[in-house]
$ cat entry.txt   # compact mmCIF, N, CA and C atoms
# COMPACT_ATOMS: atom_id res chain seq x y z
N MET H 26 -73.60 7.71 48.78
CA MET H 26 -73.25 9.04 48.33
C MET H 26 -72.03 9.00 47.42
N VAL H 27 -72.00 9.91 46.51
CA VAL H 27 -70.93 9.96 45.53
C VAL H 27 -69.75 10.76 46.07
N ASP H 28 -68.53 10.30 45.80
CA ASP H 28 -67.34 11.01 46.27
C ASP H 28 -66.98 12.20 45.38
N ASP H 29 -67.35 12.16 44.09
CA ASP H 29 -67.10 13.28 43.20
C ASP H 29 -68.31 14.21 43.26
N PHE H 30 -68.29 15.13 44.21
CA PHE H 30 -69.46 15.96 44.49
C PHE H 30 -69.82 16.89 43.35
N LEU H 31 -68.86 17.28 42.56
CA LEU H 31 -69.16 18.19 41.46
C LEU H 31 -69.92 17.50 40.34
N ALA H 32 -69.79 16.18 40.26
CA ALA H 32 -70.49 15.43 39.20
C ALA H 32 -72.01 15.49 39.40
N THR H 33 -72.46 15.64 40.64
CA THR H 33 -73.89 15.67 40.92
C THR H 33 -74.41 17.08 41.17
N LEU H 34 -73.58 18.08 40.98
CA LEU H 34 -73.97 19.46 41.24
C LEU H 34 -74.94 19.94 40.17
N GLU H 35 -76.09 20.43 40.61
CA GLU H 35 -77.07 20.99 39.68
C GLU H 35 -77.90 22.04 40.39
N VAL H 36 -78.50 22.92 39.62
CA VAL H 36 -79.34 23.97 40.18
C VAL H 36 -80.50 23.31 40.93
N GLY H 37 -80.74 23.80 42.15
CA GLY H 37 -81.82 23.27 42.97
C GLY H 37 -81.40 22.23 43.97
N CYS H 38 -80.17 21.72 43.84
CA CYS H 38 -79.73 20.69 44.78
C CYS H 38 -79.16 21.32 46.04
N PHE H 39 -79.15 20.54 47.11
CA PHE H 39 -78.51 20.98 48.35
C PHE H 39 -77.03 20.66 48.28
N VAL H 40 -76.23 21.52 48.90
CA VAL H 40 -74.79 21.29 49.03
C VAL H 40 -74.38 21.52 50.48
N ALA H 41 -73.40 20.77 50.93
CA ALA H 41 -72.76 21.01 52.21
C ALA H 41 -71.44 21.70 51.91
N LEU H 42 -71.09 22.69 52.73
CA LEU H 42 -69.93 23.53 52.46
C LEU H 42 -68.98 23.53 53.64
N TYR H 43 -67.70 23.73 53.34
CA TYR H 43 -66.69 23.81 54.39
C TYR H 43 -65.84 25.04 54.16
N PHE H 44 -65.63 25.80 55.25
CA PHE H 44 -64.79 26.99 55.21
C PHE H 44 -63.77 26.89 56.35
N ASP H 45 -62.49 27.06 56.04
CA ASP H 45 -61.43 26.99 57.05
C ASP H 45 -61.65 27.96 58.21
N ASN H 46 -62.20 29.11 57.92
CA ASN H 46 -62.32 30.17 58.92
C ASN H 46 -63.68 30.23 59.60
N TYR H 47 -64.48 29.16 59.50
CA TYR H 47 -65.81 29.14 60.09
C TYR H 47 -65.98 27.85 60.87
N ASN H 48 -66.35 27.94 62.15
CA ASN H 48 -66.37 26.74 62.97
C ASN H 48 -67.75 26.15 63.22
N LYS H 49 -68.81 26.75 62.69
CA LYS H 49 -70.14 26.15 62.83
C LYS H 49 -70.34 25.14 61.71
N GLU H 50 -70.97 24.04 62.06
CA GLU H 50 -71.22 23.02 61.05
C GLU H 50 -72.47 22.24 61.40
N PRO H 51 -73.08 21.62 60.43
CA PRO H 51 -72.77 21.74 59.01
C PRO H 51 -73.28 23.07 58.44
N VAL H 52 -72.71 23.44 57.32
CA VAL H 52 -73.17 24.60 56.56
C VAL H 52 -73.78 24.04 55.28
N ILE H 53 -75.06 24.31 55.07
CA ILE H 53 -75.70 23.82 53.85
C ILE H 53 -76.41 24.97 53.14
N GLY H 54 -76.71 24.73 51.88
CA GLY H 54 -77.45 25.69 51.09
C GLY H 54 -78.01 25.04 49.85
N LYS H 55 -78.82 25.79 49.15
CA LYS H 55 -79.42 25.32 47.91
C LYS H 55 -78.80 26.08 46.75
N VAL H 56 -78.37 25.36 45.73
CA VAL H 56 -77.70 25.94 44.57
C VAL H 56 -78.71 26.69 43.70
N LEU H 57 -78.41 27.96 43.39
CA LEU H 57 -79.28 28.78 42.56
C LEU H 57 -78.77 28.92 41.13
N SER H 58 -77.44 28.93 40.97
CA SER H 58 -76.85 29.00 39.63
C SER H 58 -75.45 28.41 39.68
N ILE H 59 -74.96 28.00 38.51
CA ILE H 59 -73.64 27.36 38.42
C ILE H 59 -72.87 27.98 37.27
N GLU H 60 -71.61 28.31 37.55
CA GLU H 60 -70.68 28.78 36.54
C GLU H 60 -69.53 27.78 36.47
N GLU H 61 -68.52 28.08 35.66
CA GLU H 61 -67.42 27.13 35.49
C GLU H 61 -66.72 26.79 36.80
N ASN H 62 -66.33 27.78 37.57
CA ASN H 62 -65.59 27.54 38.82
C ASN H 62 -66.32 28.00 40.07
N HIS H 63 -67.48 28.60 39.90
CA HIS H 63 -68.23 29.15 41.03
C HIS H 63 -69.69 28.73 40.95
N PHE H 64 -70.40 28.99 42.03
CA PHE H 64 -71.84 28.75 42.05
C PHE H 64 -72.46 29.75 43.03
N GLN H 65 -73.76 29.98 42.88
CA GLN H 65 -74.46 30.84 43.82
C GLN H 65 -75.32 29.96 44.71
N VAL H 66 -75.28 30.25 46.01
CA VAL H 66 -76.00 29.43 46.98
C VAL H 66 -76.90 30.31 47.84
N HIS H 67 -78.02 29.75 48.23
CA HIS H 67 -78.90 30.35 49.24
C HIS H 67 -78.69 29.51 50.50
N TYR H 68 -78.08 30.14 51.52
CA TYR H 68 -77.79 29.41 52.76
C TYR H 68 -79.07 28.99 53.47
N TRP H 69 -78.98 27.84 54.14
CA TRP H 69 -80.05 27.36 55.00
C TRP H 69 -79.49 27.28 56.41
N LYS H 70 -80.36 27.43 57.41
CA LYS H 70 -79.92 27.34 58.80
C LYS H 70 -80.58 26.14 59.48
N GLY H 71 -79.82 25.55 60.41
CA GLY H 71 -80.30 24.39 61.14
C GLY H 71 -79.16 23.74 61.89
N THR H 72 -79.40 22.54 62.39
CA THR H 72 -78.40 21.79 63.14
C THR H 72 -78.38 20.35 62.67
N TYR H 73 -77.40 19.60 63.15
CA TYR H 73 -77.32 18.19 62.78
C TYR H 73 -78.64 17.46 63.04
N LEU H 74 -79.24 17.67 64.19
CA LEU H 74 -80.45 16.94 64.57
C LEU H 74 -81.74 17.72 64.35
N GLY H 75 -81.64 19.03 64.12
CA GLY H 75 -82.83 19.86 64.03
C GLY H 75 -83.32 20.07 62.61
N LYS H 76 -84.35 20.89 62.52
CA LYS H 76 -84.94 21.23 61.22
C LYS H 76 -84.11 22.29 60.52
N TRP H 77 -84.21 22.30 59.19
CA TRP H 77 -83.50 23.26 58.35
C TRP H 77 -84.51 24.15 57.64
N SER H 78 -84.13 25.42 57.48
CA SER H 78 -84.99 26.36 56.77
C SER H 78 -84.11 27.39 56.06
N PRO H 79 -84.64 28.03 55.02
CA PRO H 79 -83.86 29.05 54.31
C PRO H 79 -83.41 30.16 55.26
N GLN H 80 -82.18 30.60 55.09
CA GLN H 80 -81.63 31.64 55.95
C GLN H 80 -81.73 33.00 55.27
N HIS H 81 -82.02 34.01 56.08
CA HIS H 81 -82.11 35.38 55.58
C HIS H 81 -80.98 36.21 56.15
N LEU H 82 -80.68 37.31 55.49
CA LEU H 82 -79.62 38.19 55.96
C LEU H 82 -79.94 38.73 57.35
N PRO H 83 -78.94 38.80 58.22
CA PRO H 83 -79.19 39.39 59.55
C PRO H 83 -79.70 40.83 59.39
N CYS H 84 -80.65 41.20 60.18
CA CYS H 84 -81.26 42.54 60.17
C CYS H 84 -82.12 42.80 58.94
N ARG H 85 -82.22 41.84 58.05
CA ARG H 85 -83.09 41.98 56.87
C ARG H 85 -83.87 40.68 56.74
N LYS H 86 -84.85 40.51 57.55
CA LYS H 86 -85.55 39.23 57.69
C LYS H 86 -86.24 38.72 56.42
N THR H 87 -86.38 39.57 55.41
CA THR H 87 -87.06 39.12 54.20
C THR H 87 -86.11 38.90 53.03
N GLU H 88 -84.84 39.26 53.19
CA GLU H 88 -83.88 39.13 52.08
C GLU H 88 -83.06 37.85 52.25
N PRO H 89 -83.12 36.94 51.28
CA PRO H 89 -82.37 35.68 51.40
C PRO H 89 -80.87 35.92 51.45
N TRP H 90 -80.17 35.06 52.20
CA TRP H 90 -78.71 35.15 52.31
C TRP H 90 -78.13 34.36 51.16
N LEU H 91 -77.67 35.08 50.14
CA LEU H 91 -77.10 34.49 48.93
C LEU H 91 -75.62 34.82 48.88
N GLU H 92 -74.86 33.92 48.26
CA GLU H 92 -73.43 34.19 48.11
C GLU H 92 -72.90 33.42 46.91
N LYS H 93 -71.95 34.05 46.21
CA LYS H 93 -71.23 33.39 45.12
C LYS H 93 -69.96 32.80 45.72
N LEU H 94 -69.77 31.50 45.53
CA LEU H 94 -68.66 30.78 46.16
C LEU H 94 -67.89 29.95 45.14
N PRO H 95 -66.63 29.62 45.45
CA PRO H 95 -65.88 28.70 44.59
C PRO H 95 -66.38 27.27 44.82
N LYS H 96 -66.38 26.49 43.77
CA LYS H 96 -66.83 25.10 43.89
C LYS H 96 -65.96 24.29 44.84
N THR H 97 -64.75 24.74 45.12
CA THR H 97 -63.83 23.99 45.98
C THR H 97 -64.32 23.89 47.42
N CYS H 98 -65.29 24.69 47.84
CA CYS H 98 -65.77 24.61 49.23
C CYS H 98 -66.87 23.55 49.41
N ILE H 99 -67.29 22.90 48.34
CA ILE H 99 -68.34 21.88 48.42
C ILE H 99 -67.75 20.58 48.96
N VAL H 100 -68.40 20.04 49.99
CA VAL H 100 -67.97 18.75 50.55
C VAL H 100 -68.99 17.65 50.29
N CYS H 101 -70.16 18.02 49.83
CA CYS H 101 -71.19 17.04 49.47
C CYS H 101 -72.27 17.78 48.68
N SER H 102 -72.86 17.10 47.70
CA SER H 102 -73.95 17.72 46.95
C SER H 102 -75.03 16.70 46.67
N SER H 103 -76.20 17.24 46.34
CA SER H 103 -77.36 16.45 45.91
C SER H 103 -77.90 15.50 46.97
N PHE H 104 -77.83 15.89 48.24
CA PHE H 104 -78.48 15.10 49.29
C PHE H 104 -79.88 15.69 49.50
N GLN H 105 -80.71 14.94 50.19
CA GLN H 105 -82.09 15.36 50.42
C GLN H 105 -82.34 15.55 51.91
N LEU H 106 -83.32 16.36 52.24
CA LEU H 106 -83.81 16.47 53.60
C LEU H 106 -85.06 15.60 53.72
N THR H 107 -85.38 15.21 54.94
CA THR H 107 -86.60 14.42 55.16
C THR H 107 -87.82 15.30 54.99
N GLU H 108 -89.02 14.71 55.07
CA GLU H 108 -90.25 15.48 54.92
C GLU H 108 -90.38 16.58 55.96
N ASP H 109 -89.79 16.37 57.15
CA ASP H 109 -89.85 17.41 58.18
C ASP H 109 -88.58 18.27 58.19
N SER H 110 -87.89 18.33 57.05
CA SER H 110 -86.74 19.21 56.83
C SER H 110 -85.54 18.92 57.73
N LYS H 111 -85.28 17.64 57.97
CA LYS H 111 -84.11 17.24 58.76
C LYS H 111 -83.18 16.40 57.90
N HIS H 112 -81.93 16.23 58.40
CA HIS H 112 -81.00 15.36 57.71
C HIS H 112 -81.35 13.90 57.99
N MET H 113 -81.18 13.05 56.98
CA MET H 113 -81.31 11.62 57.20
C MET H 113 -80.12 11.17 58.05
N PRO H 114 -80.27 10.12 58.85
CA PRO H 114 -79.16 9.66 59.70
C PRO H 114 -77.88 9.38 58.91
N SER H 115 -77.99 8.78 57.74
CA SER H 115 -76.79 8.48 56.95
C SER H 115 -76.09 9.77 56.49
N THR H 116 -76.87 10.79 56.13
CA THR H 116 -76.29 12.07 55.72
C THR H 116 -75.62 12.75 56.91
N ARG H 117 -76.30 12.74 58.04
CA ARG H 117 -75.76 13.35 59.26
C ARG H 117 -74.42 12.70 59.63
N ASN H 118 -74.36 11.37 59.60
CA ASN H 118 -73.12 10.66 59.93
C ASN H 118 -72.01 10.97 58.92
N PHE H 119 -72.37 11.03 57.64
CA PHE H 119 -71.39 11.36 56.61
C PHE H 119 -70.82 12.75 56.86
N PHE H 120 -71.68 13.73 57.15
CA PHE H 120 -71.22 15.09 57.41
C PHE H 120 -70.27 15.14 58.60
N LYS H 121 -70.63 14.48 59.68
CA LYS H 121 -69.78 14.49 60.88
C LYS H 121 -68.40 13.93 60.56
N GLU H 122 -68.35 12.83 59.82
CA GLU H 122 -67.06 12.22 59.44
C GLU H 122 -66.27 13.15 58.52
N ARG H 123 -66.95 13.74 57.55
CA ARG H 123 -66.28 14.60 56.57
C ARG H 123 -65.73 15.87 57.25
N TYR H 124 -66.53 16.51 58.09
CA TYR H 124 -66.07 17.72 58.78
C TYR H 124 -64.92 17.41 59.74
N THR H 125 -64.98 16.28 60.41
CA THR H 125 -63.89 15.89 61.31
C THR H 125 -62.60 15.69 60.52
N ALA H 126 -62.68 15.01 59.39
CA ALA H 126 -61.49 14.79 58.54
C ALA H 126 -60.93 16.12 58.04
N LEU H 127 -61.79 17.03 57.64
CA LEU H 127 -61.33 18.33 57.13
C LEU H 127 -60.69 19.16 58.25
N ARG H 128 -61.26 19.14 59.44
CA ARG H 128 -60.66 19.87 60.57
C ARG H 128 -59.30 19.28 60.93
N ASN H 129 -59.17 17.95 60.86
CA ASN H 129 -57.89 17.30 61.17
C ASN H 129 -56.83 17.64 60.13
N LEU H 130 -57.22 17.82 58.89
CA LEU H 130 -56.27 18.23 57.84
C LEU H 130 -55.75 19.63 58.11
N LYS H 131 -56.61 20.47 58.68
CA LYS H 131 -56.25 21.86 58.96
C LYS H 131 -55.29 21.95 60.14
N SER H 132 -55.39 21.00 61.07
CA SER H 132 -54.56 21.04 62.30
C SER H 132 -53.10 20.74 62.03

$ encode --input "entry.txt" --output "structure tokens"
Amino acid sequence: MVDDFLATLEVGCFVALYFDNYNKEPVIGKVLSIEENHFQVHYWKGTYLGKWSPQHLPCRKTEPWLEKLPKTCIVCSSFQLTEDSKHMPSTRNFFKERYTALRNLKS
């Protein structure tokens, strides 16, 4: 995996995100558009070991959960899911290490 995550950022790729004020992890989404300092993402829901699927707004089961975010919240980009929509073991391990390091910086 590449350490300069913005170098591999492109429309359609998956990104992992980190937010200081959110304790669920990992947070991933698919990039829909890119601007100079921001991007639009469609959040996906899942777990480290489970399957991932596109996330919809609460109480609006058919409307995708989209958000415009600063590029600074990206901790990894351009990774793939397996055929059954799960994280590869190497990706899962990378995320766990990255999120642990980020939480320790916050402490």

$ residues_around --input "entry.txt" --residues "Thr72 of chain H" --least-positions-apart "3" --cutoff "8 Å" --atoms "all atoms listed in the file" --output "count of residues only"
9

$ residues_around --input "entry.txt" --residues "Val36 of chain H" --least-positions-apart "5" --cutoff "6 Å" --atoms "only C-alpha atoms" --output "ChimeraX atom specification"
/H:56-58

$ select_by_dssp --input "entry.txt" --residues "segment 26-127 of chain H" --states "helix (DSSP H, G or I)" --output "PyMOL selection string"
chain H and resi 30-33+96-98+114-127

$ residues_around --input "entry.txt" --residues "Lys93 of chain H" --least-positions-apart "2" --cutoff "8 Å" --atoms "only N, CA and C atoms" --output "JSON, numbers by chain"
{"H": [63, 64, 65, 66, 67, 90, 91, 95, 96]}

$ closest_residue --input "entry.txt" --among "H:Lys121, H:Arg128, H:Val100, H:Leu74" --to "Tyr43 of chain H" --atoms "only N, CA and C atoms"
H:Val100

$ residues_near_point --input "entry.txt" --point "(-72.8, 23.8, 51.6)" --cutoff "8 Å" --atoms "all atoms listed in the file" --output "list in words"
Phe39, Val40, Ala41, Leu42, Tyr43, Pro51, Val52, Ile53, Gly54, Lys55, Val66, Tyr68, Trp69, Cys98, Ile99, Val100, Cys101 and Ser102 of chain H

$ atom_distance --input "entry.txt" --atom1 "atom CA of Ser110 of chain H" --atom2 "atom CA of Lys70 of chain H"
10.8 Å

$ atom_distance --input "entry.txt" --atom1 "atom N of Pro79 of chain H" --atom2 "atom N of Arg117 of chain H"
17.7 Å

$ axis_aligned_box --input "entry.txt" --around "segment 107-118 of chain H" --padding-each-side "6 Å" --output "AutoDock Vina command-line options"
--center_x -81.2 --center_y 13.8 --center_z 57.4 --size_x 30.4 --size_y 22.7 --size_z 17.0

$ select_by_dssp --input "entry.txt" --residues "chain H" --states "strand (DSSP E or B)" --output "PyMOL selection string"
chain H and resi 39-42+52-59+63-70+78-79+81+89+91-95+99-104+106+112

$ write_last_selection --input "entry.txt" --atoms "N, CA and C atoms" --output "compact mmCIF listing (two decimals), in the frame of the given file"
# COMPACT_ATOMS: atom_id res chain seq x y z
N PHE H 39 -79.15 20.54 47.11
CA PHE H 39 -78.51 20.98 48.35
C PHE H 39 -77.03 20.66 48.28
N VAL H 40 -76.23 21.52 48.90
CA VAL H 40 -74.79 21.29 49.03
C VAL H 40 -74.38 21.52 50.48
N ALA H 41 -73.40 20.77 50.93
CA ALA H 41 -72.76 21.01 52.21
C ALA H 41 -71.44 21.70 51.91
N LEU H 42 -71.09 22.69 52.73
CA LEU H 42 -69.93 23.53 52.46
C LEU H 42 -68.98 23.53 53.64
N VAL H 52 -72.71 23.44 57.32
CA VAL H 52 -73.17 24.60 56.56
C VAL H 52 -73.78 24.04 55.28
N ILE H 53 -75.06 24.31 55.07
CA ILE H 53 -75.70 23.82 53.85
C ILE H 53 -76.41 24.97 53.14
N GLY H 54 -76.71 24.73 51.88
CA GLY H 54 -77.45 25.69 51.09
C GLY H 54 -78.01 25.04 49.85
N LYS H 55 -78.82 25.79 49.15
CA LYS H 55 -79.42 25.32 47.91
C LYS H 55 -78.80 26.08 46.75
N VAL H 56 -78.37 25.36 45.73
CA VAL H 56 -77.70 25.94 44.57
C VAL H 56 -78.71 26.69 43.70
N LEU H 57 -78.41 27.96 43.39
CA LEU H 57 -79.28 28.78 42.56
C LEU H 57 -78.77 28.92 41.13
N SER H 58 -77.44 28.93 40.97
CA SER H 58 -76.85 29.00 39.63
C SER H 58 -75.45 28.41 39.68
N ILE H 59 -74.96 28.00 38.51
CA ILE H 59 -73.64 27.36 38.42
C ILE H 59 -72.87 27.98 37.27
N HIS H 63 -67.48 28.60 39.90
CA HIS H 63 -68.23 29.15 41.03
C HIS H 63 -69.69 28.73 40.95
N PHE H 64 -70.40 28.99 42.03
CA PHE H 64 -71.84 28.75 42.05
C PHE H 64 -72.46 29.75 43.03
N GLN H 65 -73.76 29.98 42.88
CA GLN H 65 -74.46 30.84 43.82
C GLN H 65 -75.32 29.96 44.71
N VAL H 66 -75.28 30.25 46.01
CA VAL H 66 -76.00 29.43 46.98
C VAL H 66 -76.90 30.31 47.84
N HIS H 67 -78.02 29.75 48.23
CA HIS H 67 -78.90 30.35 49.24
C HIS H 67 -78.69 29.51 50.50
N TYR H 68 -78.08 30.14 51.52
CA TYR H 68 -77.79 29.41 52.76
C TYR H 68 -79.07 28.99 53.47
N TRP H 69 -78.98 27.84 54.14
CA TRP H 69 -80.05 27.36 55.00
C TRP H 69 -79.49 27.28 56.41
N LYS H 70 -80.36 27.43 57.41
CA LYS H 70 -79.92 27.34 58.80
C LYS H 70 -80.58 26.14 59.48
N SER H 78 -84.13 25.42 57.48
CA SER H 78 -84.99 26.36 56.77
C SER H 78 -84.11 27.39 56.06
N PRO H 79 -84.64 28.03 55.02
CA PRO H 79 -83.86 29.05 54.31
C PRO H 79 -83.41 30.16 55.26
N HIS H 81 -82.02 34.01 56.08
CA HIS H 81 -82.11 35.38 55.58
C HIS H 81 -80.98 36.21 56.15
N PRO H 89 -83.12 36.94 51.28
CA PRO H 89 -82.37 35.68 51.40
C PRO H 89 -80.87 35.92 51.45
N LEU H 91 -77.67 35.08 50.14
CA LEU H 91 -77.10 34.49 48.93
C LEU H 91 -75.62 34.82 48.88
N GLU H 92 -74.86 33.92 48.26
CA GLU H 92 -73.43 34.19 48.11
C GLU H 92 -72.90 33.42 46.91
N LYS H 93 -71.95 34.05 46.21
CA LYS H 93 -71.23 33.39 45.12
C LYS H 93 -69.96 32.80 45.72
N LEU H 94 -69.77 31.50 45.53
CA LEU H 94 -68.66 30.78 46.16
C LEU H 94 -67.89 29.95 45.14
N PRO H 95 -66.63 29.62 45.45
CA PRO H 95 -65.88 28.70 44.59
C PRO H 95 -66.38 27.27 44.82
N ILE H 99 -67.29 22.90 48.34
CA ILE H 99 -68.34 21.88 48.42
C ILE H 99 -67.75 20.58 48.96
N VAL H 100 -68.40 20.04 49.99
CA VAL H 100 -67.97 18.75 50.55
C VAL H 100 -68.99 17.65 50.29
N CYS H 101 -70.16 18.02 49.83
CA CYS H 101 -71.19 17.04 49.47
C CYS H 101 -72.27 17.78 48.68
N SER H 102 -72.86 17.10 47.70
CA SER H 102 -73.95 17.72 46.95
C SER H 102 -75.03 16.70 46.67
N SER H 103 -76.20 17.24 46.34
CA SER H 103 -77.36 16.45 45.91
C SER H 103 -77.90 15.50 46.97
N PHE H 104 -77.83 15.89 48.24
CA PHE H 104 -78.48 15.10 49.29
C PHE H 104 -79.88 15.69 49.50
N LEU H 106 -83.32 16.36 52.24
CA LEU H 106 -83.81 16.47 53.60
C LEU H 106 -85.06 15.60 53.72
N HIS H 112 -81.93 16.23 58.40
CA HIS H 112 -81.00 15.36 57.71
C HIS H 112 -81.35 13.90 57.99

$ decode --input "entry.txt" --residues "segment 26-64 of chain H" --atoms "C-alpha atoms" --output "PDB file, in the first residue's frame"
ATOM      1  CA  MET H  26       0.000   0.000   0.000  1.00  0.00           C
ATOM      2  CA  VAL H  27       1.096   3.512  -0.740  1.00  0.00           C
ATOM      3  CA  ASP H  28       1.778   5.948   2.117  1.00  0.00           C
ATOM      4  CA  ASP H  29       0.808   9.027   0.067  1.00  0.00           C
ATOM      5  CA  PHE H  30      -2.913   8.275  -0.049  1.00  0.00           C
ATOM      6  CA  LEU H  31      -3.842  11.344  -2.036  1.00  0.00           C
ATOM      7  CA  ALA H  32      -1.599  10.249  -4.913  1.00  0.00           C
ATOM      8  CA  THR H  33      -3.903   7.279  -5.573  1.00  0.00           C
ATOM      9  CA  LEU H  34      -7.186   9.115  -4.966  1.00  0.00           C
ATOM     10  CA  GLU H  35      -9.564   8.850  -7.910  1.00  0.00           C
ATOM     11  CA  VAL H  36     -13.287   8.751  -8.570  1.00  0.00           C
ATOM     12  CA  GLY H  37     -14.641   5.263  -7.924  1.00  0.00           C
ATOM     13  CA  CYS H  38     -11.937   4.182  -5.505  1.00  0.00           C
ATOM     14  CA  PHE H  39     -12.518   3.139  -1.910  1.00  0.00           C
ATOM     15  CA  VAL H  40     -11.138   5.291   0.900  1.00  0.00           C
ATOM     16  CA  ALA H  41     -10.744   4.671   4.616  1.00  0.00           C
ATOM     17  CA  LEU H  42     -11.531   7.690   6.771  1.00  0.00           C
ATOM     18  CA  TYR H  43     -10.678   8.828  10.277  1.00  0.00           C
ATOM     19  CA  PHE H  44     -12.621  11.303  12.406  1.00  0.00           C
ATOM     20  CA  ASP H  45     -11.463  12.417  15.881  1.00  0.00           C
ATOM     21  CA  ASN H  46     -15.029  12.550  17.161  1.00  0.00           C
ATOM     22  CA  TYR H  47     -16.183   9.135  15.875  1.00  0.00           C
ATOM     23  CA  ASN H  48     -15.206   5.887  17.577  1.00  0.00           C
ATOM     24  CA  LYS H  49     -16.513   3.257  15.139  1.00  0.00           C
ATOM     25  CA  GLU H  50     -13.967   1.857  12.750  1.00  0.00           C
ATOM     26  CA  PRO H  51     -13.132   1.308  10.073  1.00  0.00           C
ATOM     27  CA  VAL H  52     -15.069   3.956   8.183  1.00  0.00           C
ATOM     28  CA  ILE H  53     -14.946   3.432   4.439  1.00  0.00           C
ATOM     29  CA  GLY H  54     -16.642   4.863   1.390  1.00  0.00           C
ATOM     30  CA  LYS H  55     -16.464   5.165  -2.355  1.00  0.00           C
ATOM     31  CA  VAL H  56     -15.273   8.437  -3.898  1.00  0.00           C
ATOM     32  CA  LEU H  57     -17.883  10.090  -6.142  1.00  0.00           C
ATOM     33  CA  SER H  58     -16.121  13.366  -6.983  1.00  0.00           C
ATOM     34  CA  ILE H  59     -12.868  15.167  -6.187  1.00  0.00           C
ATOM     35  CA  GLU H  60     -12.123  18.855  -5.742  1.00  0.00           C
ATOM     36  CA  GLU H  61      -8.880  20.598  -4.790  1.00  0.00           C
ATOM     37  CA  ASN H  62      -9.199  20.144  -1.008  1.00  0.00           C
ATOM     38  CA  HIS H  63     -12.406  18.129  -0.671  1.00  0.00           C
ATOM     39  CA  PHE H  64     -14.102  15.062  -2.079  1.00  0.00           C
TER      40      PHE H  64
END
